[in-house]
Each structure stands twice: as C-alpha cells, then as structure tokens.
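Report on the following structure.
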Amino acid sequence: MRKEIKQVEIGDVKIGGDAPISVQSMTNTDTRDVAATVEQIRKLEKAGCELIRVAVPDQDAAEKVDEIKAAIDIPLIADIHFNHRLALRVLELGIDGLRINPGNIGGEDKIKAVALAAKKREVPIRVGVNAGSLEEGLLAEYGSPTSEAMVESALQNIRLLEKYGFNDIIISLKASDVDMTKEAYELIAKKVNYPLHLGITEAGTEWAGTIKSAVGLGIILNKGLGDTIRVSLTGDPVQEVRVGYEILKSLNLRQKGPEIISCPTCGRCEIDLIEVANEVEQKIQNLDLNLKVAIMGCVVNGPGEAKEADIGIAGGKNVGLLFKEGEVIRKVSEDELIATLLTEIDKMK
C-alpha cells in the first residue's frame, strides 16, 4: 500500500495523492542547443516520459527555457545549482517545475526569493538532496554523507520553504549507495507528508545502472514509498524511461505498454527464440497498448504461459503455435512467426 501524501501538480501531471507513479528523465543535450534538446525530448515523449528536466547552468541556458517549453508536450523542469537568479529567471519564462540543490543554492535570502517567486506562479519545487553535495556543516556534524545527514539537509530546507508559506514541495534523497538511499527515504517518510521523487543517483552504465536502479527502486517502491521516479543511467535517456516503466510493471504499479514474457531457453528449445524475442521486443516497445505477450521456446511451460498471456507463441521444431486470449489460432512456420505475431498484435490496437 502506498503512503497517503499531499498531491502537487507540475504542469498537468499530478504527483502524490492517488496519482499513478510518474516516470521522468533528464536530457543530456546542451540546453542552449534548442533544436537538439527538443529532438531528444520528443524521443523521450514517444517512449512514455511524463516529465522532463533540463540542466540550466548559466544565463544563456535559462533564456532558452520558454522556446523549449513551447515545442514539447510534457512539463518542463529546470535543474538549478549555485545561482538562484537562474531559478528566478526560468520562473519568469514559465517553467513548470524547479529542482534546487539545498547544498549549493545559497543562503536563506536566496531560498526566500525563489520560494516567493515560485509561490506566486504556483510552480512546485523539488528539494533535491544528493549525498555527494551535502552542506559542509552537516558533513562536519555527521562525519561523512549518511542517510541521517541527507534527511536533515532536506528538513532544514523544507522548513525554510514553509517559513515563507511555500508547500508545493517534492523531496528526493539520492545516493549511489542503495542502502543509504533506502534508509533516507524511510526516515523522511516518517517526518513529512510531501511527495517523494525516487532515484539511485550515478547508478552507472545501462547494464550495471539498470540492475542497481531496479534493486534500489524496487525495494523502496515495495515499501509503499515513492510518487515519481527517474532511473539515472550513463547512456541514452530513452533507456531510462523504458527501465522505469519495466520496474513499475514488475511491481504491478503501472501497466503502460506491452509486457513480454519469454523463457531463458534451454536444450529443449528448437526454434531461434532469442532472435524472435529480441526482434519482437524492439518492434513493439513503443506500442501504447497494455498487452501481455508470451514468447516461449518449448512444450514444457510454453503452451501454459502463452495461454495466460493476451497473445503468445509456443515453439516446436521449426514451428510455433500462435495463441490469442487462451486459444490456439494456428500453427506457423518459424520463418513466418515474427510477422504473424506482429500482425495479430496490430489487430489488437
């Protein structure tokens, strides 16, 4: 059961309350290059990204925010470090959300200015705490980055925002260490009722980072915590979105897009199931249809699993049985199997 918490809105996307857990990402283009940034965001939109964040490292990048926002269809969040004036400028230009890092945004007067401006425009702020950029005072007090230090950093800055009447707040507490991240979210959930943005920061490459993110986010989500997620990978951000949805689907928290069930293959498999599964996955990965597709390689578990799916195949020697909604449709030769399966899936749109 998810914890009941306050709901905030970034653009037209609700976060918290009874809203579904949203999937977001961050561009890795130069924000000052509007064409490249918009092109990447559109690819992310196609993959199902619901919120997108862009880095705003300087004034030139800030000035591009309204142009980028006008060319995309999902809410735009500005990632601000070191210079609160950049936050004030993107607010003027119509940004949908802000992410500030309390460890480096500046003193209370700067946070006050941002809070008042964001409140006026009804723009949510994510208090984004990272283990690698905690305030020096907290590092001195705790001796090193810890989950307790991260929570204290978040609480100090939440209190400042609340002091100036601002409470459209989202919280993230990210570390590259899974245990530290898990403990931080568990601690903060006992102290506040704001939505939680989940992530394992600097998770790694697509392969290692996917595994670490799945383990870390899976543990936290399974405790009923989390309202929006970002998978952080060193690679194409489109993959972040795909991994995010797969994590949520595996926990039955979102059912967006097709789910493929395929066996690991063994010596009983008599068709080239690896090639079939990979090609089908590639062809249907952006399909906007909640569908369970089984691709099974032999007669041991294959027919049963295929029958339980919306559509599927079970392999034999150079052939496959095509199942749809539990019924055998026909026998298909191996060389026609992919095309036949895709044709039947297309009919289900």
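Residues in the structure tokens are named by chain (A, B, ... in the order shown) and by number from 1 within that chain; ligands are numbered from 1 in the order shown.
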Item to check | Surrounding residues of Gly218 of chain A excluding itself and chain neighbours under 2 positions, 12 Å, only C-alpha atoms, as a PyMOL selection string | outcome: chain A and resi 178+181-182+198-200+210-216+220-226+229+231+243-253
Once DSSP has gone over the backbone, tell me which residues of segment 96-171 of chain A are in strand (DSSP E), as JSON, numbers by chain. {"A": [97, 98, 99, 100, 125, 126, 127, 128, 129, 130, 169, 170, 171]}
Pick out the residues sitting within 9 Å of segment 155-169 of chain A, and hand them over as a PyMOL selection string; count only C-alpha atoms, and ignore anything fewer than 3 positions along from it in its own chain. chain A and resi 6-9+102+108+111-112+114-116+118-119+122-127+150-152+188+191-192+194-195
How would the residues just chosen look if you wrote them out with N, CA and C atoms as a PDB file, in the first residue's frame?
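Output contents, as saved in selection.pdb:
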ATOM      1  N   LYS A   6       0.420  14.344   0.376  1.00  0.00           N
ATOM      2  CA  LYS A   6      -0.032  15.543  -0.324  1.00  0.00           C
ATOM      3  C   LYS A   6       0.184  15.375  -1.829  1.00  0.00           C
ATOM      4  N   GLN A   7      -0.695  15.991  -2.603  1.00  0.00           N
ATOM      5  CA  GLN A   7      -0.549  15.966  -4.061  1.00  0.00           C
ATOM      6  C   GLN A   7      -0.144  17.339  -4.579  1.00  0.00           C
ATOM      7  N   VAL A   8       0.809  17.361  -5.485  1.00  0.00           N
ATOM      8  CA  VAL A   8       1.200  18.599  -6.153  1.00  0.00           C
ATOM      9  C   VAL A   8       1.084  18.381  -7.661  1.00  0.00           C
ATOM     10  N   GLU A   9       1.096  19.456  -8.422  1.00  0.00           N
ATOM     11  CA  GLU A   9       0.983  19.361  -9.870  1.00  0.00           C
ATOM     12  C   GLU A   9       2.138  20.089 -10.544  1.00  0.00           C
ATOM     13  N   PRO A 102      19.781  22.012  -2.131  1.00  0.00           N
ATOM     14  CA  PRO A 102      19.974  22.854  -0.950  1.00  0.00           C
ATOM     15  C   PRO A 102      21.423  22.992  -0.519  1.00  0.00           C
ATOM     16  N   GLU A 108      19.657  31.775   3.174  1.00  0.00           N
ATOM     17  CA  GLU A 108      18.215  31.869   3.368  1.00  0.00           C
ATOM     18  C   GLU A 108      17.591  32.951   2.500  1.00  0.00           C
ATOM     19  N   ILE A 111      16.961  31.449  -0.926  1.00  0.00           N
ATOM     20  CA  ILE A 111      15.862  30.481  -0.909  1.00  0.00           C
ATOM     21  C   ILE A 111      14.528  31.205  -0.747  1.00  0.00           C
ATOM     22  N   LYS A 112      14.508  32.246   0.080  1.00  0.00           N
ATOM     23  CA  LYS A 112      13.283  33.042   0.260  1.00  0.00           C
ATOM     24  C   LYS A 112      12.831  33.641  -1.075  1.00  0.00           C
ATOM     25  N   VAL A 114      13.412  32.634  -4.111  1.00  0.00           N
ATOM     26  CA  VAL A 114      12.906  31.595  -5.003  1.00  0.00           C
ATOM     27  C   VAL A 114      11.545  31.098  -4.531  1.00  0.00           C
ATOM     28  N   ALA A 115      11.392  30.910  -3.231  1.00  0.00           N
ATOM     29  CA  ALA A 115      10.131  30.419  -2.685  1.00  0.00           C
ATOM     30  C   ALA A 115       8.982  31.374  -2.985  1.00  0.00           C
ATOM     31  N   LEU A 116       9.195  32.657  -2.781  1.00  0.00           N
ATOM     32  CA  LEU A 116       8.135  33.639  -3.008  1.00  0.00           C
ATOM     33  C   LEU A 116       7.772  33.715  -4.494  1.00  0.00           C
ATOM     34  N   ALA A 118       8.178  31.298  -6.758  1.00  0.00           N
ATOM     35  CA  ALA A 118       7.523  30.053  -7.150  1.00  0.00           C
ATOM     36  C   ALA A 118       6.097  29.988  -6.613  1.00  0.00           C
ATOM     37  N   LYS A 119       5.896  30.485  -5.414  1.00  0.00           N
ATOM     38  CA  LYS A 119       4.552  30.507  -4.841  1.00  0.00           C
ATOM     39  C   LYS A 119       3.624  31.383  -5.671  1.00  0.00           C
ATOM     40  N   GLU A 122       2.744  29.445  -8.666  1.00  0.00           N
ATOM     41  CA  GLU A 122       2.234  28.099  -8.375  1.00  0.00           C
ATOM     42  C   GLU A 122       3.078  27.017  -9.057  1.00  0.00           C
ATOM     43  N   VAL A 123       4.393  27.167  -8.927  1.00  0.00           N
ATOM     44  CA  VAL A 123       5.338  26.218  -9.509  1.00  0.00           C
ATOM     45  C   VAL A 123       5.970  25.389  -8.391  1.00  0.00           C
ATOM     46  N   PRO A 124       5.840  24.059  -8.424  1.00  0.00           N
ATOM     47  CA  PRO A 124       6.431  23.214  -7.382  1.00  0.00           C
ATOM     48  C   PRO A 124       7.955  23.248  -7.395  1.00  0.00           C
ATOM     49  N   ILE A 125       8.523  23.003  -6.230  1.00  0.00           N
ATOM     50  CA  ILE A 125       9.973  22.925  -6.075  1.00  0.00           C
ATOM     51  C   ILE A 125      10.336  21.543  -5.536  1.00  0.00           C
ATOM     52  N   ARG A 126      11.292  20.891  -6.212  1.00  0.00           N
ATOM     53  CA  ARG A 126      11.851  19.664  -5.633  1.00  0.00           C
ATOM     54  C   ARG A 126      13.093  20.016  -4.845  1.00  0.00           C
ATOM     55  N   VAL A 127      13.059  19.685  -3.573  1.00  0.00           N
ATOM     56  CA  VAL A 127      14.247  19.793  -2.733  1.00  0.00           C
ATOM     57  C   VAL A 127      15.067  18.540  -3.004  1.00  0.00           C
ATOM     58  N   MET A 150      21.462  13.361   5.078  1.00  0.00           N
ATOM     59  CA  MET A 150      20.638  13.716   3.932  1.00  0.00           C
ATOM     60  C   MET A 150      19.252  14.168   4.366  1.00  0.00           C
ATOM     61  N   VAL A 151      18.667  13.446   5.306  1.00  0.00           N
ATOM     62  CA  VAL A 151      17.337  13.804   5.799  1.00  0.00           C
ATOM     63  C   VAL A 151      17.373  15.155   6.504  1.00  0.00           C
ATOM     64  N   GLU A 152      18.393  15.395   7.292  1.00  0.00           N
ATOM     65  CA  GLU A 152      18.495  16.676   7.995  1.00  0.00           C
ATOM     66  C   GLU A 152      18.652  17.826   7.002  1.00  0.00           C
ATOM     67  N   ILE A 188      12.704   9.931   5.997  1.00  0.00           N
ATOM     68  CA  ILE A 188      11.967  11.147   5.649  1.00  0.00           C
ATOM     69  C   ILE A 188      10.463  10.879   5.617  1.00  0.00           C
ATOM     70  N   LYS A 191       8.648  11.649   8.723  1.00  0.00           N
ATOM     71  CA  LYS A 191       8.701  13.008   9.232  1.00  0.00           C
ATOM     72  C   LYS A 191       7.882  14.018   8.428  1.00  0.00           C
ATOM     73  N   VAL A 192       7.621  13.728   7.173  1.00  0.00           N
ATOM     74  CA  VAL A 192       6.901  14.686   6.329  1.00  0.00           C
ATOM     75  C   VAL A 192       5.850  13.958   5.501  1.00  0.00           C
ATOM     76  N   TYR A 194       5.144  15.021   2.173  1.00  0.00           N
ATOM     77  CA  TYR A 194       5.301  15.526   0.815  1.00  0.00           C
ATOM     78  C   TYR A 194       5.597  14.376  -0.151  1.00  0.00           C
ATOM     79  N   PRO A 195       5.285  14.553  -1.435  1.00  0.00           N
ATOM     80  CA  PRO A 195       5.607  13.517  -2.425  1.00  0.00           C
ATOM     81  C   PRO A 195       7.104  13.257  -2.502  1.00  0.00           C
TER      82      PRO A 195
END
- [ ] Compare A:Ile15, A:Asn286, A:Ile68, A:Pro264 by their minimum atom-to-atom distance to Val238 of chain A, counting only C-alpha atoms, and give me the closest one.
- [x]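 Residue with the minimum atom-to-atom distance to Val238 of chain A: A:Asn286.
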Within 8 Å of Ser232 of chain A, counting only C-alpha atoms, which residues show up once you throw out same-chain ones fewer than 2 positions away? Write them as a PyMOL selection string, please.
-> chain A and resi 25+199-204+209+213+230+234+240
DSSP on the backbone, then: every residue of segment 179-271 of chain A marked alpha helix (DSSP H), written as an MDAnalysis selection string.
-> chainID A and resid 179:189 206:221 237:250
Keeping only C-alpha atoms, take the residues you just selected and write them out as a compact mmCIF listing (two decimals), in the first residue's frame.
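File produced: selection-v5.txt:
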# COMPACT_ATOMS: atom_id res chain seq x y z
CA ASP A 179 21.19 1.03 1.38
CA MET A 180 21.86 4.70 2.16
CA THR A 181 19.17 5.79 -0.28
CA LYS A 182 16.63 3.31 1.06
CA GLU A 183 17.26 4.35 4.65
CA ALA A 184 16.99 8.04 3.79
CA TYR A 185 13.57 7.62 2.18
CA GLU A 186 12.34 5.51 5.06
CA LEU A 187 13.44 8.19 7.54
CA ILE A 188 11.97 11.15 5.65
CA ALA A 189 8.64 9.35 5.15
CA GLU A 206 22.96 0.94 -18.96
CA TRP A 207 23.75 -2.61 -17.85
CA ALA A 208 25.01 -2.06 -14.29
CA GLY A 209 22.85 1.01 -13.68
CA THR A 210 19.69 -0.80 -14.72
CA ILE A 211 20.38 -3.56 -12.20
CA LYS A 212 21.24 -1.18 -9.38
CA SER A 213 18.21 1.00 -10.09
CA ALA A 214 15.86 -1.96 -10.30
CA VAL A 215 17.08 -3.30 -6.97
CA GLY A 216 17.12 0.06 -5.18
CA LEU A 217 13.88 1.49 -6.53
CA GLY A 218 12.17 -1.87 -6.23
CA ILE A 219 12.96 -2.09 -2.52
CA ILE A 220 11.69 1.45 -1.83
CA LEU A 221 8.59 1.18 -4.00
CA PRO A 237 17.89 8.78 -21.53
CA VAL A 238 15.23 6.97 -23.57
CA GLN A 239 16.51 3.81 -21.92
CA GLU A 240 15.91 5.42 -18.51
CA VAL A 241 12.22 5.73 -19.34
CA ARG A 242 11.93 2.16 -20.58
CA VAL A 243 13.66 0.80 -17.49
CA GLY A 244 11.47 2.96 -15.26
CA TYR A 245 8.29 1.51 -16.71
CA GLU A 246 9.61 -2.04 -16.52
CA ILE A 247 10.36 -1.55 -12.82
CA LEU A 248 6.84 -0.25 -12.18
CA LYS A 249 5.25 -3.01 -14.30
CA SER A 250 7.15 -5.70 -12.41
Task: Who sits within 7 Å of Lys307 of chain A, only C-alpha atoms, same chain under 4 positions skipped, as a VMD selection string - done: chain A and resid 303 323 325 to 327
Restricting to only C-alpha atoms, whichever of A:Ser176, A:Asn28, A:Asn318, A:Ser133 is closest to Lys331 of chain A is A:Asn318
task: May I have the residues within 9 Å of Ala294 of chain A as a ChimeraX atom specification, using only C-alpha atoms and disregarding those fewer than 6 positions away in the same chain?
output: /A:259-263,302,305-314,323
Legend entry - Contacts of Thr31 of chain A at 8 Å (only C-alpha atoms; same-chain gap of 4+ positions) as a list in words: Thr37, Val54, Ala55, Val56, Ala61 and Lys64 of chain A
Can you write just those residues out, all heavy atoms, as a PDB file, in the first residue's frame?
ATOM      1  N   THR A  37      17.933  19.665 -28.044  1.00  0.00           N
ATOM      2  CA  THR A  37      17.202  19.383 -26.804  1.00  0.00           C
ATOM      3  C   THR A  37      15.765  18.994 -27.097  1.00  0.00           C
ATOM      4  O   THR A  37      15.239  18.010 -26.548  1.00  0.00           O
ATOM      5  CB  THR A  37      17.261  20.597 -25.870  1.00  0.00           C
ATOM      6  OG1 THR A  37      18.633  20.898 -25.572  1.00  0.00           O
ATOM      7  CG2 THR A  37      16.522  20.330 -24.576  1.00  0.00           C
ATOM      8  N   VAL A  54      15.764  19.681 -17.548  1.00  0.00           N
ATOM      9  CA  VAL A  54      16.920  20.153 -18.306  1.00  0.00           C
ATOM     10  C   VAL A  54      17.865  20.890 -17.367  1.00  0.00           C
ATOM     11  O   VAL A  54      17.436  21.566 -16.433  1.00  0.00           O
ATOM     12  CB  VAL A  54      16.514  21.088 -19.468  1.00  0.00           C
ATOM     13  CG1 VAL A  54      15.716  20.336 -20.511  1.00  0.00           C
ATOM     14  CG2 VAL A  54      15.734  22.303 -18.974  1.00  0.00           C
ATOM     15  N   ALA A  55      19.146  20.755 -17.623  1.00  0.00           N
ATOM     16  CA  ALA A  55      20.145  21.489 -16.853  1.00  0.00           C
ATOM     17  C   ALA A  55      20.127  22.956 -17.272  1.00  0.00           C
ATOM     18  O   ALA A  55      20.053  23.272 -18.458  1.00  0.00           O
ATOM     19  CB  ALA A  55      21.527  20.895 -17.094  1.00  0.00           C
ATOM     20  N   VAL A  56      20.204  23.840 -16.268  1.00  0.00           N
ATOM     21  CA  VAL A  56      20.281  25.281 -16.535  1.00  0.00           C
ATOM     22  C   VAL A  56      21.539  25.800 -15.843  1.00  0.00           C
ATOM     23  O   VAL A  56      21.491  26.322 -14.720  1.00  0.00           O
ATOM     24  CB  VAL A  56      19.022  26.011 -16.039  1.00  0.00           C
ATOM     25  CG1 VAL A  56      19.105  27.497 -16.344  1.00  0.00           C
ATOM     26  CG2 VAL A  56      17.769  25.420 -16.683  1.00  0.00           C
ATOM     27  N   ALA A  61      21.459  29.362 -21.024  1.00  0.00           N
ATOM     28  CA  ALA A  61      20.563  28.205 -20.961  1.00  0.00           C
ATOM     29  C   ALA A  61      19.193  28.606 -20.432  1.00  0.00           C
ATOM     30  O   ALA A  61      18.154  28.152 -20.930  1.00  0.00           O
ATOM     31  CB  ALA A  61      21.178  27.122 -20.085  1.00  0.00           C
ATOM     32  N   LYS A  64      16.652  29.969 -22.882  1.00  0.00           N
ATOM     33  CA  LYS A  64      16.098  29.068 -23.880  1.00  0.00           C
ATOM     34  C   LYS A  64      14.875  28.302 -23.372  1.00  0.00           C
ATOM     35  O   LYS A  64      14.222  27.587 -24.144  1.00  0.00           O
ATOM     36  CB  LYS A  64      17.152  28.049 -24.322  1.00  0.00           C
ATOM     37  CG  LYS A  64      18.423  28.678 -24.905  1.00  0.00           C
ATOM     38  CD  LYS A  64      18.145  29.465 -26.159  1.00  0.00           C
ATOM     39  CE  LYS A  64      19.442  29.987 -26.768  1.00  0.00           C
ATOM     40  NZ  LYS A  64      19.202  30.818 -27.973  1.00  0.00           N
TER      41      LYS A  64
END
Of A:Leu273, A:Glu141, A:Asn130, A:Glu148, the one nearest to Ala175 of chain A when counting only C-alpha atoms is A:Asn130
So, with only C-alpha atoms as the atoms that count, which of A:Gly267, A:Pro258, A:Gly315, A:Gly128 lies closest to Ser153 of chain A?
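Using only C-alpha atoms, Ser153 of chain A sits closest to A:Gly128.
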Which is closest to Thr228 of chain A among A:Ser172, A:Asn193, A:Ser144, A:Gln255, if we use only C-alpha atoms?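 Ranking A:Ser172, A:Asn193, A:Ser144, A:Gln255 by distance to Thr228 of chain A, first place goes to A:Ser172.
One finds atom CA of Val65 of chain A at 9.4 Å from atom CA of Arg89 of chain A.
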| field | For atom CA of Pro20 of chain A and atom CA of Lys43 of chain A, the interatomic separation in Å (one decimal) | value |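 The value is 21.9 Å.
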Pairwise distance, atom CA of Asp66 of chain A with atom CA of Gly235 of chain A, equals 26.4 Å
